[in-house]
Amino acid sequence: MTKLQNVAVFGAGGMLGTYVIEALRQADFAITIVSRPASKSTFPAGIKVIKAEYTLPALTEALQGQDAVVSVVGTMAKLDQITLVDAAVAAGVKRFIPSNFANAPDMKGLEPLMKIREVNASVERYADGKRDVNPDFSWTSICNGVFIDLALKRFSPIFGFDIPARTAKIYDSGNEAFTASTMPDIARAVAGVLEHSVETANKHVLIRSVQTTQNEILATVEAQTGEKWTVNHVNSAEIIAEGEAMLAAGNGRAYGVLVAAQLFQDGAGRSIVVSRENAANGLVGVEEKDISTIVRDVLAS
Ligand SMILES: NC(=O)c1ccc[n+]([C@@H]2O[C@H](COP(=O)([O-])OP(=O)(O)OC[C@H]3O[C@@H](n4cnc5c(N)ncnc54)[C@H](OP(=O)(O)O)[C@@H]3O)[C@@H](O)[C@H]2O)c1
């Protein structure tokens with residue numbers, strides 16, 4: 001496979017997309033952003049932006065001359081990626097990175113959340129099927145677990161750590177180990193996949209910035225803020241029952257509630273995306289960090 005140099009990015013102005021653009025810039029890729037005509041997203045100066053509806057003709061034209069497509073579209077647009085794949089194949093694109101950026105496919109999970117994972121899987125299967133149509137077409141999906149910087153900063157009531165209020169919600173013992181990744185590391189992995197396109201073709205690339213527990217995070221935030229935090233202990237089984245009841249009542253916030261309980265429930269073994277030994281970190285240029293480094297960056301931001 002020749003070098004993948006020309007890269008089109010969908011969802012470039014989103015939460016993760018912003019970091020992906022920065023990582024691709026640092027790695028000297030030639031970037032084209034494809035954004036919807038009605039989008040309010042803003043982009044860094046100096047990067048080519050094409051406005052296109054998510055239709056096959058418009059996207060096929062937009063993707064002419066591109067070697068790779070990186071999709072960082074949000075949850076609402078996951079199924080629209082079928083059209084993105086079709087257009088990529090029609091335009092002769094060689095690599096498609098779908099907007100997965102979640103857990104590894106073989107991890108256990110709570111049943112309502114497995115349905116969401118199936119959406120990611122369906123896009124991957126669709127892309128895989130296109131290899132029969134065009135043998136030069138390939139895909140790579142990046143699996144990174146929780147966005148830990150985002151979760152600490154923005155999802156505090158669910159993830160358990162409310163930095164301004166200095167309160168922590170600890171699920172069960174607080175000792176369930178989980179792996180997670182920061183958004184800059186995930187973005188670095190996107191660039192790393194494109195730099196190592198042969199080794200990463202048609203597979204899931206599993207990465208991790210850290211392996212930790214809620215109790216380790218609590219000890220770290222207390223040490224770094226120099227304050228004793230207020231700790232509320234909750235029972236994961238009860239939270240799961242609450243989440244399922246919310247779901248049955250049509251409350252979309254149930255998903256966040258269930259994601260946290262899925263991650264933190266004692267002994268459930270649903271939270272390690274990949275072991276340090278088996279992670280693709282080395283290949284794609286991601287360095288594992290200590291939780292204290294991640295917490296320090298979050299507190300400083
Ligand atoms: N593992 C985790 O903890 C975690 C956390 C958050 C997100 N994620 C995953 O990361 C990926 C990116 O998520 P994100 O939160 O960064 O995305 P986001 O900010 O919600 O959206 C990214 C972009 O998607 C594009 N888009 C296309 N169609 C859209 C539509 N119908 N509605 C809204 N936006 C649309 C928009 O780009 P234009 O406006 O330029 O067209 C938008 O800027 C997703 O796969 C998500 O599931 C994982």
# chains A, B, ... in the order shown; residues from 1 in each chain; ligands from 1
>>> residues_around(residues="Thr213 of chain A", least_positions_apart="6", cutoff="7 Å", atoms="only C-alpha atoms", output="list in words")
Gly174, Asn175, Glu176, Ala177 and Phe178 of chain A
>>> residues_near_ligand(ligand="ligand 1", cutoff="6 Å", atoms="only C-alpha atoms and all ligand atoms", output="PDB file with C-alpha atoms, in the first residue's frame")
ATOM      1  CA  GLY A  11     -16.849  15.651  12.151  1.00  0.00           C
ATOM      2  CA  ALA A  12     -13.656  17.678  12.403  1.00  0.00           C
ATOM      3  CA  GLY A  13     -15.167  20.400  14.595  1.00  0.00           C
ATOM      4  CA  GLY A  14     -16.585  17.994  17.181  1.00  0.00           C
ATOM      5  CA  MET A  15     -15.248  17.121  20.620  1.00  0.00           C
ATOM      6  CA  LEU A  16     -12.828  14.467  19.386  1.00  0.00           C
ATOM      7  CA  GLY A  17     -12.506  15.838  15.861  1.00  0.00           C
ATOM      8  CA  SER A  35     -18.613  19.420   6.734  1.00  0.00           C
ATOM      9  CA  ARG A  36     -22.378  19.611   6.222  1.00  0.00           C
ATOM     10  CA  SER A  39     -22.990  23.044  10.019  1.00  0.00           C
ATOM     11  CA  LYS A  40     -22.079  25.699  12.584  1.00  0.00           C
ATOM     12  CA  SER A  41     -18.689  24.058  13.228  1.00  0.00           C
ATOM     13  CA  VAL A  72     -15.300  11.408  13.828  1.00  0.00           C
ATOM     14  CA  VAL A  73     -19.010  12.087  13.458  1.00  0.00           C
ATOM     15  CA  GLY A  74     -21.189  12.198  16.544  1.00  0.00           C
ATOM     16  CA  THR A  75     -23.638   9.553  17.735  1.00  0.00           C
ATOM     17  CA  MET A  76     -26.544  11.019  15.739  1.00  0.00           C
ATOM     18  CA  ALA A  77     -24.678  10.406  12.480  1.00  0.00           C
ATOM     19  CA  SER A  99     -16.422   6.761  14.256  1.00  0.00           C
ATOM     20  CA  ASN A 100     -16.207   3.934  16.800  1.00  0.00           C
ATOM     21  CA  PHE A 101     -13.796   5.136  19.509  1.00  0.00           C
ATOM     22  CA  ALA A 102     -15.427   3.007  22.214  1.00  0.00           C
ATOM     23  CA  GLY A 145     -12.520   2.842  26.202  1.00  0.00           C
ATOM     24  CA  VAL A 146     -13.701   5.923  28.076  1.00  0.00           C
ATOM     25  CA  PHE A 147     -12.469   9.386  27.083  1.00  0.00           C
TER      26      PHE A 147
END
>>> select_by_dssp(residues="segment 9-150 of chain A", states="alpha helix (DSSP H)", output="ChimeraX atom specification")
/A:15-26,56-62,81-90,111-129,148-150
>>> residues_around(residues="Ser181 of chain A", least_positions_apart="4", cutoff="8 Å", atoms="only C-alpha atoms", output="CSV table (one decimal) with C-alpha atoms, in the first residue's frame")
chain,number,residue,atom,x,y,z
A,144,ASN,CA,-10.0,3.2,23.4
A,145,GLY,CA,-12.5,2.8,26.2
A,146,VAL,CA,-13.7,5.9,28.1
A,147,PHE,CA,-12.5,9.4,27.1
A,148,ILE,CA,-11.0,9.9,30.6
A,149,ASP,CA,-10.2,13.6,30.2
A,185,ASP,CA,-3.9,10.0,22.7
A,186,ILE,CA,-6.9,8.8,20.6
A,207,ILE,CA,-5.2,1.4,22.8
A,208,ARG,CA,-5.0,2.7,26.4
A,209,SER,CA,-3.7,5.8,28.1
A,210,VAL,CA,-4.1,4.4,31.6
>>> residues_around(residues="segment 191-205 of chain A", least_positions_apart="4", cutoff="7 Å", atoms="only C-alpha atoms", output="PDB file with N, CA and C atoms, in the first residue's frame")
ATOM      1  N   MET A   1       0.848  -1.203   0.000  1.00  0.00           N
ATOM      2  CA  MET A   1       0.000   0.000   0.000  1.00  0.00           C
ATOM      3  C   MET A   1       0.881   1.251   0.000  1.00  0.00           C
ATOM      4  N   LEU A   4      -0.484   6.757   2.742  1.00  0.00           N
ATOM      5  CA  LEU A   4      -1.768   7.441   2.815  1.00  0.00           C
ATOM      6  C   LEU A   4      -1.491   8.874   3.226  1.00  0.00           C
ATOM      7  N   ALA A  23      -3.704  16.380  15.604  1.00  0.00           N
ATOM      8  CA  ALA A  23      -2.751  15.260  15.486  1.00  0.00           C
ATOM      9  C   ALA A  23      -2.354  15.029  14.028  1.00  0.00           C
ATOM     10  N   LEU A  24      -3.314  15.141  13.108  1.00  0.00           N
ATOM     11  CA  LEU A  24      -3.004  14.942  11.689  1.00  0.00           C
ATOM     12  C   LEU A  24      -2.105  16.060  11.168  1.00  0.00           C
ATOM     13  N   ALA A  27       1.381  15.448  12.248  1.00  0.00           N
ATOM     14  CA  ALA A  27       1.996  14.342  11.512  1.00  0.00           C
ATOM     15  C   ALA A  27       2.121  14.651  10.015  1.00  0.00           C
ATOM     16  N   SER A 138      -9.922  -0.652   2.549  1.00  0.00           N
ATOM     17  CA  SER A 138      -9.709  -1.305   3.844  1.00  0.00           C
ATOM     18  C   SER A 138     -10.252  -0.393   4.949  1.00  0.00           C
ATOM     19  N   TRP A 139     -10.329  -0.918   6.151  1.00  0.00           N
ATOM     20  CA  TRP A 139     -10.849  -0.138   7.279  1.00  0.00           C
ATOM     21  C   TRP A 139     -10.006  -0.419   8.517  1.00  0.00           C
ATOM     22  N   THR A 140     -10.076   0.492   9.465  1.00  0.00           N
ATOM     23  CA  THR A 140      -9.478   0.273  10.781  1.00  0.00           C
ATOM     24  C   THR A 140     -10.380   0.931  11.802  1.00  0.00           C
ATOM     25  N   SER A 141     -10.657   0.238  12.892  1.00  0.00           N
ATOM     26  CA  SER A 141     -11.484   0.804  13.956  1.00  0.00           C
ATOM     27  C   SER A 141     -10.632   0.947  15.212  1.00  0.00           C
ATOM     28  N   ILE A 142     -10.725   2.105  15.838  1.00  0.00           N
ATOM     29  CA  ILE A 142      -9.905   2.343  17.034  1.00  0.00           C
ATOM     30  C   ILE A 142     -10.773   2.161  18.281  1.00  0.00           C
ATOM     31  N   CYS A 143     -10.287   1.332  19.206  1.00  0.00           N
ATOM     32  CA  CYS A 143     -11.017   1.054  20.451  1.00  0.00           C
ATOM     33  C   CYS A 143     -10.173   1.568  21.613  1.00  0.00           C
ATOM     34  N   ALA A 187      -6.494  10.724  19.282  1.00  0.00           N
ATOM     35  CA  ALA A 187      -6.196  11.430  18.025  1.00  0.00           C
ATOM     36  C   ALA A 187      -4.824  11.010  17.490  1.00  0.00           C
ATOM     37  N   ALA A 280      -1.911  -1.716  21.152  1.00  0.00           N
ATOM     38  CA  ALA A 280      -1.215  -1.265  19.932  1.00  0.00           C
ATOM     39  C   ALA A 280      -0.512   0.071  20.161  1.00  0.00           C
ATOM     40  N   VAL A 284       1.160   2.725  17.194  1.00  0.00           N
ATOM     41  CA  VAL A 284       0.519   3.971  16.743  1.00  0.00           C
ATOM     42  C   VAL A 284       1.022   5.210  17.482  1.00  0.00           C
ATOM     43  N   GLY A 285       2.008   5.021  18.366  1.00  0.00           N
ATOM     44  CA  GLY A 285       2.653   6.185  18.979  1.00  0.00           C
ATOM     45  C   GLY A 285       1.931   6.769  20.174  1.00  0.00           C
TER      46      GLY A 285
END
>>> atom_distance(atom1="atom CA of Gln66 of chain A", atom2="atom CA of Lys48 of chain A")
12.6 Å
>>> select_by_dssp(residues="segment 29-188 of chain A", states="strand (DSSP E or B)", output="mmCIF file with N, CA and C atoms, in the first residue's frame")
data_model
loop_
_atom_site.group_PDB
_atom_site.id
_atom_site.type_symbol
_atom_site.label_atom_id
_atom_site.label_comp_id
_atom_site.auth_asym_id
_atom_site.auth_seq_id
_atom_site.Cartn_x
_atom_site.Cartn_y
_atom_site.Cartn_z
ATOM 1 N N ALA A 30 -1.963 15.753 4.553
ATOM 2 C CA ALA A 30 -2.704 16.780 3.800
ATOM 3 C C ALA A 30 -4.185 16.592 4.131
ATOM 4 N N ILE A 31 -4.744 17.536 4.862
ATOM 5 C CA ILE A 31 -6.096 17.358 5.432
ATOM 6 C C ILE A 31 -7.132 18.116 4.611
ATOM 7 N N THR A 32 -8.270 17.448 4.378
ATOM 8 C CA THR A 32 -9.461 18.128 3.859
ATOM 9 C C THR A 32 -10.604 17.833 4.827
ATOM 10 N N ILE A 33 -11.249 18.882 5.289
ATOM 11 C CA ILE A 33 -12.406 18.705 6.182
ATOM 12 C C ILE A 33 -13.663 18.675 5.328
ATOM 13 N N VAL A 34 -14.521 17.677 5.580
ATOM 14 C CA VAL A 34 -15.814 17.645 4.900
ATOM 15 C C VAL A 34 -16.890 17.907 5.952
ATOM 16 N N SER A 35 -17.646 18.971 5.739
ATOM 17 C CA SER A 35 -18.613 19.420 6.734
ATOM 18 C C SER A 35 -19.957 19.648 6.054
ATOM 19 N N LYS A 48 -8.232 23.082 4.180
ATOM 20 C CA LYS A 48 -9.275 23.089 3.148
ATOM 21 C C LYS A 48 -10.574 22.510 3.715
ATOM 22 N N VAL A 49 -11.674 23.207 3.471
ATOM 23 C CA VAL A 49 -12.986 22.731 3.941
ATOM 24 C C VAL A 49 -13.906 22.591 2.737
ATOM 25 N N ILE A 50 -14.505 21.400 2.588
ATOM 26 C CA ILE A 50 -15.513 21.187 1.549
ATOM 27 C C ILE A 50 -16.856 21.034 2.241
ATOM 28 N N LYS A 51 -17.834 21.776 1.772
ATOM 29 C CA LYS A 51 -19.192 21.640 2.301
ATOM 30 C C LYS A 51 -19.944 20.640 1.425
ATOM 31 N N ALA A 68 -7.505 8.460 2.386
ATOM 32 C CA ALA A 68 -8.142 7.929 3.598
ATOM 33 C C ALA A 68 -9.271 8.836 4.042
ATOM 34 N N VAL A 69 -10.244 8.227 4.704
ATOM 35 C CA VAL A 69 -11.339 8.981 5.341
ATOM 36 C C VAL A 69 -11.312 8.666 6.832
ATOM 37 N N VAL A 70 -11.300 9.724 7.632
ATOM 38 C CA VAL A 70 -11.445 9.552 9.081
ATOM 39 C C VAL A 70 -12.809 10.104 9.452
ATOM 40 N N SER A 71 -13.658 9.250 10.009
ATOM 41 C CA SER A 71 -14.975 9.710 10.448
ATOM 42 C C SER A 71 -14.951 9.884 11.963
ATOM 43 N N ARG A 95 -8.475 3.730 2.784
ATOM 44 C CA ARG A 95 -8.687 3.372 4.199
ATOM 45 C C ARG A 95 -9.838 4.189 4.781
ATOM 46 N N PHE A 96 -10.721 3.513 5.499
ATOM 47 C CA PHE A 96 -11.834 4.183 6.180
ATOM 48 C C PHE A 96 -11.715 3.907 7.674
ATOM 49 N N ILE A 97 -11.653 4.967 8.457
ATOM 50 C CA ILE A 97 -11.663 4.818 9.923
ATOM 51 C C ILE A 97 -13.037 5.276 10.401
ATOM 52 N N ALA A 102 -14.743 3.465 20.999
ATOM 53 C CA ALA A 102 -15.427 3.007 22.214
ATOM 54 C C ALA A 102 -14.719 1.764 22.748
ATOM 55 N N SER A 138 -9.922 -0.652 2.549
ATOM 56 C CA SER A 138 -9.709 -1.305 3.844
ATOM 57 C C SER A 138 -10.252 -0.393 4.949
ATOM 58 N N TRP A 139 -10.329 -0.918 6.151
ATOM 59 C CA TRP A 139 -10.849 -0.138 7.279
ATOM 60 C C TRP A 139 -10.006 -0.419 8.517
ATOM 61 N N THR A 140 -10.076 0.492 9.465
ATOM 62 C CA THR A 140 -9.478 0.273 10.781
ATOM 63 C C THR A 140 -10.380 0.931 11.802
ATOM 64 N N SER A 141 -10.657 0.238 12.892
ATOM 65 C CA SER A 141 -11.484 0.804 13.956
ATOM 66 C C SER A 141 -10.632 0.947 15.212
ATOM 67 N N ILE A 142 -10.725 2.105 15.838
ATOM 68 C CA ILE A 142 -9.905 2.343 17.034
ATOM 69 C C ILE A 142 -10.773 2.161 18.281
ATOM 70 N N CYS A 143 -10.287 1.332 19.206
ATOM 71 C CA CYS A 143 -11.017 1.054 20.451
ATOM 72 C C CYS A 143 -10.173 1.568 21.613
ATOM 73 N N VAL A 146 -13.154 4.601 27.713
ATOM 74 C CA VAL A 146 -13.701 5.923 28.076
ATOM 75 C C VAL A 146 -12.727 7.032 27.685
ATOM 76 N N PHE A 147 -13.288 8.172 27.253
ATOM 77 C CA PHE A 147 -12.469 9.386 27.083
ATOM 78 C C PHE A 147 -12.251 9.936 28.495
ATOM 79 N N PHE A 161 -16.937 12.040 39.521
ATOM 80 C CA PHE A 161 -16.040 13.043 40.104
ATOM 81 C C PHE A 161 -16.499 14.449 39.718
ATOM 82 N N ASP A 162 -16.940 15.187 40.708
ATOM 83 C CA ASP A 162 -17.396 16.559 40.479
ATOM 84 C C ASP A 162 -16.304 17.482 41.012
ATOM 85 N N THR A 167 -16.727 16.533 45.207
ATOM 86 C CA THR A 167 -17.475 15.354 45.656
ATOM 87 C C THR A 167 -17.214 14.189 44.709
ATOM 88 N N ALA A 168 -17.239 12.989 45.274
ATOM 89 C CA ALA A 168 -17.032 11.786 44.466
ATOM 90 C C ALA A 168 -18.152 10.798 44.737
ATOM 91 N N LYS A 169 -18.617 10.170 43.647
ATOM 92 C CA LYS A 169 -19.611 9.097 43.773
ATOM 93 C C LYS A 169 -18.876 7.797 43.462
ATOM 94 N N ILE A 170 -18.718 6.948 44.472
ATOM 95 C CA ILE A 170 -17.938 5.723 44.289
ATOM 96 C C ILE A 170 -18.884 4.530 44.181
ATOM 97 N N TYR A 171 -18.741 3.802 43.082
ATOM 98 C CA TYR A 171 -19.606 2.644 42.818
ATOM 99 C C TYR A 171 -19.017 1.421 43.522
ATOM 100 N N PHE A 178 -10.244 -0.335 35.312
ATOM 101 C CA PHE A 178 -10.690 -0.054 33.943
ATOM 102 C C PHE A 178 -9.574 0.637 33.171
ATOM 103 N N THR A 179 -9.622 0.509 31.847
ATOM 104 C CA THR A 179 -8.682 1.264 31.012
ATOM 105 C C THR A 179 -9.452 2.389 30.326
ATOM 106 N N ALA A 180 -8.714 3.438 29.988
ATOM 107 C CA ALA A 180 -9.320 4.615 29.381
ATOM 108 C C ALA A 180 -8.249 5.323 28.562
ATOM 109 N N SER A 181 -8.694 6.284 27.747
ATOM 110 C CA SER A 181 -7.739 7.022 26.908
ATOM 111 C C SER A 181 -8.092 8.499 26.908
#
>>> decode(residues="segment 222-259 of chain A", atoms="N, CA and C atoms", output="PDB file, in the first residue's frame")
ATOM      1  N   GLU A 222      -7.663  14.119  45.527  1.00  0.00           N
ATOM      2  CA  GLU A 222      -7.521  14.675  46.887  1.00  0.00           C
ATOM      3  C   GLU A 222      -6.094  15.184  47.095  1.00  0.00           C
ATOM      4  N   ALA A 223      -5.126  14.399  46.630  1.00  0.00           N
ATOM      5  CA  ALA A 223      -3.728  14.815  46.808  1.00  0.00           C
ATOM      6  C   ALA A 223      -3.442  16.091  46.025  1.00  0.00           C
ATOM      7  N   GLN A 224      -3.952  16.152  44.787  1.00  0.00           N
ATOM      8  CA  GLN A 224      -3.602  17.296  43.930  1.00  0.00           C
ATOM      9  C   GLN A 224      -4.397  18.556  44.250  1.00  0.00           C
ATOM     10  N   THR A 225      -5.629  18.389  44.802  1.00  0.00           N
ATOM     11  CA  THR A 225      -6.384  19.594  45.200  1.00  0.00           C
ATOM     12  C   THR A 225      -6.046  19.979  46.640  1.00  0.00           C
ATOM     13  N   GLY A 226      -5.387  19.071  47.367  1.00  0.00           N
ATOM     14  CA  GLY A 226      -5.032  19.353  48.763  1.00  0.00           C
ATOM     15  C   GLY A 226      -6.259  19.432  49.668  1.00  0.00           C
ATOM     16  N   GLU A 227      -7.345  18.787  49.231  1.00  0.00           N
ATOM     17  CA  GLU A 227      -8.578  18.828  50.025  1.00  0.00           C
ATOM     18  C   GLU A 227      -9.160  17.433  50.189  1.00  0.00           C
ATOM     19  N   LYS A 228      -9.845  17.197  51.303  1.00  0.00           N
ATOM     20  CA  LYS A 228     -10.590  15.950  51.499  1.00  0.00           C
ATOM     21  C   LYS A 228     -11.917  16.102  50.757  1.00  0.00           C
ATOM     22  N   TRP A 229     -12.253  15.180  49.862  1.00  0.00           N
ATOM     23  CA  TRP A 229     -13.499  15.272  49.096  1.00  0.00           C
ATOM     24  C   TRP A 229     -14.634  14.580  49.855  1.00  0.00           C
ATOM     25  N   THR A 230     -15.862  15.028  49.587  1.00  0.00           N
ATOM     26  CA  THR A 230     -17.050  14.348  50.128  1.00  0.00           C
ATOM     27  C   THR A 230     -17.319  13.119  49.259  1.00  0.00           C
ATOM     28  N   VAL A 231     -17.438  11.957  49.908  1.00  0.00           N
ATOM     29  CA  VAL A 231     -17.598  10.714  49.139  1.00  0.00           C
ATOM     30  C   VAL A 231     -18.975  10.100  49.397  1.00  0.00           C
ATOM     31  N   ASN A 232     -19.696   9.843  48.322  1.00  0.00           N
ATOM     32  CA  ASN A 232     -20.986   9.139  48.416  1.00  0.00           C
ATOM     33  C   ASN A 232     -20.815   7.763  47.781  1.00  0.00           C
ATOM     34  N   HIS A 233     -21.156   6.714  48.526  1.00  0.00           N
ATOM     35  CA  HIS A 233     -21.051   5.356  47.983  1.00  0.00           C
ATOM     36  C   HIS A 233     -22.396   4.933  47.402  1.00  0.00           C
ATOM     37  N   VAL A 234     -22.343   4.353  46.202  1.00  0.00           N
ATOM     38  CA  VAL A 234     -23.578   3.867  45.572  1.00  0.00           C
ATOM     39  C   VAL A 234     -23.406   2.396  45.197  1.00  0.00           C
ATOM     40  N   ASN A 235     -24.557   1.741  45.026  1.00  0.00           N
ATOM     41  CA  ASN A 235     -24.565   0.317  44.697  1.00  0.00           C
ATOM     42  C   ASN A 235     -24.851   0.163  43.202  1.00  0.00           C
ATOM     43  N   SER A 236     -23.925  -0.453  42.480  1.00  0.00           N
ATOM     44  CA  SER A 236     -24.063  -0.544  41.015  1.00  0.00           C
ATOM     45  C   SER A 236     -25.335  -1.270  40.595  1.00  0.00           C
ATOM     46  N   ALA A 237     -25.681  -2.349  41.312  1.00  0.00           N
ATOM     47  CA  ALA A 237     -26.882  -3.114  40.920  1.00  0.00           C
ATOM     48  C   ALA A 237     -28.115  -2.214  41.010  1.00  0.00           C
ATOM     49  N   GLU A 238     -28.170  -1.385  42.058  1.00  0.00           N
ATOM     50  CA  GLU A 238     -29.319  -0.467  42.188  1.00  0.00           C
ATOM     51  C   GLU A 238     -29.312   0.580  41.075  1.00  0.00           C
ATOM     52  N   ILE A 239     -28.105   1.073  40.746  1.00  0.00           N
ATOM     53  CA  ILE A 239     -28.005   2.083  39.674  1.00  0.00           C
ATOM     54  C   ILE A 239     -28.433   1.475  38.333  1.00  0.00           C
ATOM     55  N   ILE A 240     -28.052   0.218  38.107  1.00  0.00           N
ATOM     56  CA  ILE A 240     -28.445  -0.443  36.848  1.00  0.00           C
ATOM     57  C   ILE A 240     -29.971  -0.574  36.783  1.00  0.00           C
ATOM     58  N   ALA A 241     -30.578  -0.959  37.912  1.00  0.00           N
ATOM     59  CA  ALA A 241     -32.051  -1.074  37.942  1.00  0.00           C
ATOM     60  C   ALA A 241     -32.688   0.291  37.660  1.00  0.00           C
ATOM     61  N   GLU A 242     -32.123   1.340  38.250  1.00  0.00           N
ATOM     62  CA  GLU A 242     -32.638   2.707  37.995  1.00  0.00           C
ATOM     63  C   GLU A 242     -32.503   3.068  36.522  1.00  0.00           C
ATOM     64  N   GLY A 243     -31.327   2.761  35.958  1.00  0.00           N
ATOM     65  CA  GLY A 243     -31.067   3.078  34.546  1.00  0.00           C
ATOM     66  C   GLY A 243     -32.036   2.349  33.636  1.00  0.00           C
ATOM     67  N   GLU A 244     -32.297   1.074  33.952  1.00  0.00           N
ATOM     68  CA  GLU A 244     -33.218   0.297  33.107  1.00  0.00           C
ATOM     69  C   GLU A 244     -34.638   0.852  33.207  1.00  0.00           C
ATOM     70  N   ALA A 245     -35.013   1.305  34.421  1.00  0.00           N
ATOM     71  CA  ALA A 245     -36.352   1.893  34.594  1.00  0.00           C
ATOM     72  C   ALA A 245     -36.448   3.209  33.806  1.00  0.00           C
ATOM     73  N   MET A 246     -35.368   4.005  33.839  1.00  0.00           N
ATOM     74  CA  MET A 246     -35.355   5.255  33.068  1.00  0.00           C
ATOM     75  C   MET A 246     -35.509   4.954  31.582  1.00  0.00           C
ATOM     76  N   LEU A 247     -34.796   3.918  31.140  1.00  0.00           N
ATOM     77  CA  LEU A 247     -34.856   3.534  29.727  1.00  0.00           C
ATOM     78  C   LEU A 247     -36.274   3.118  29.339  1.00  0.00           C
ATOM     79  N   ALA A 248     -36.898   2.311  30.206  1.00  0.00           N
ATOM     80  CA  ALA A 248     -38.265   1.843  29.940  1.00  0.00           C
ATOM     81  C   ALA A 248     -39.224   3.030  29.858  1.00  0.00           C
ATOM     82  N   ALA A 249     -38.892   4.113  30.595  1.00  0.00           N
ATOM     83  CA  ALA A 249     -39.753   5.305  30.580  1.00  0.00           C
ATOM     84  C   ALA A 249     -39.375   6.254  29.434  1.00  0.00           C
ATOM     85  N   GLY A 250     -38.423   5.834  28.611  1.00  0.00           N
ATOM     86  CA  GLY A 250     -38.054   6.634  27.440  1.00  0.00           C
ATOM     87  C   GLY A 250     -37.107   7.781  27.758  1.00  0.00           C
ATOM     88  N   ASN A 251     -36.435   7.706  28.889  1.00  0.00           N
ATOM     89  CA  ASN A 251     -35.512   8.770  29.291  1.00  0.00           C
ATOM     90  C   ASN A 251     -34.113   8.474  28.729  1.00  0.00           C
ATOM     91  N   GLY A 252     -33.680   9.271  27.770  1.00  0.00           N
ATOM     92  CA  GLY A 252     -32.403   9.041  27.093  1.00  0.00           C
ATOM     93  C   GLY A 252     -31.197   9.182  28.007  1.00  0.00           C
ATOM     94  N   ARG A 253     -31.366   9.853  29.160  1.00  0.00           N
ATOM     95  CA  ARG A 253     -30.226   9.998  30.081  1.00  0.00           C
ATOM     96  C   ARG A 253     -29.856   8.661  30.721  1.00  0.00           C
ATOM     97  N   ALA A 254     -30.704   7.660  30.529  1.00  0.00           N
ATOM     98  CA  ALA A 254     -30.439   6.326  31.073  1.00  0.00           C
ATOM     99  C   ALA A 254     -29.103   5.784  30.565  1.00  0.00           C
ATOM    100  N   TYR A 255     -28.744   6.134  29.325  1.00  0.00           N
ATOM    101  CA  TYR A 255     -27.536   5.542  28.742  1.00  0.00           C
ATOM    102  C   TYR A 255     -26.284   5.937  29.529  1.00  0.00           C
ATOM    103  N   GLY A 256     -26.191   7.212  29.884  1.00  0.00           N
ATOM    104  CA  GLY A 256     -25.042   7.659  30.670  1.00  0.00           C
ATOM    105  C   GLY A 256     -24.983   6.962  32.023  1.00  0.00           C
ATOM    106  N   VAL A 257     -26.139   6.813  32.639  1.00  0.00           N
ATOM    107  CA  VAL A 257     -26.232   6.151  33.947  1.00  0.00           C
ATOM    108  C   VAL A 257     -25.726   4.706  33.824  1.00  0.00           C
ATOM    109  N   LEU A 258     -26.158   4.031  32.768  1.00  0.00           N
ATOM    110  CA  LEU A 258     -25.771   2.623  32.579  1.00  0.00           C
ATOM    111  C   LEU A 258     -24.299   2.486  32.187  1.00  0.00           C
ATOM    112  N   VAL A 259     -23.794   3.456  31.425  1.00  0.00           N
ATOM    113  CA  VAL A 259     -22.374   3.391  31.018  1.00  0.00           C
ATOM    114  C   VAL A 259     -21.474   3.405  32.259  1.00  0.00           C
TER     115      VAL A 259
END
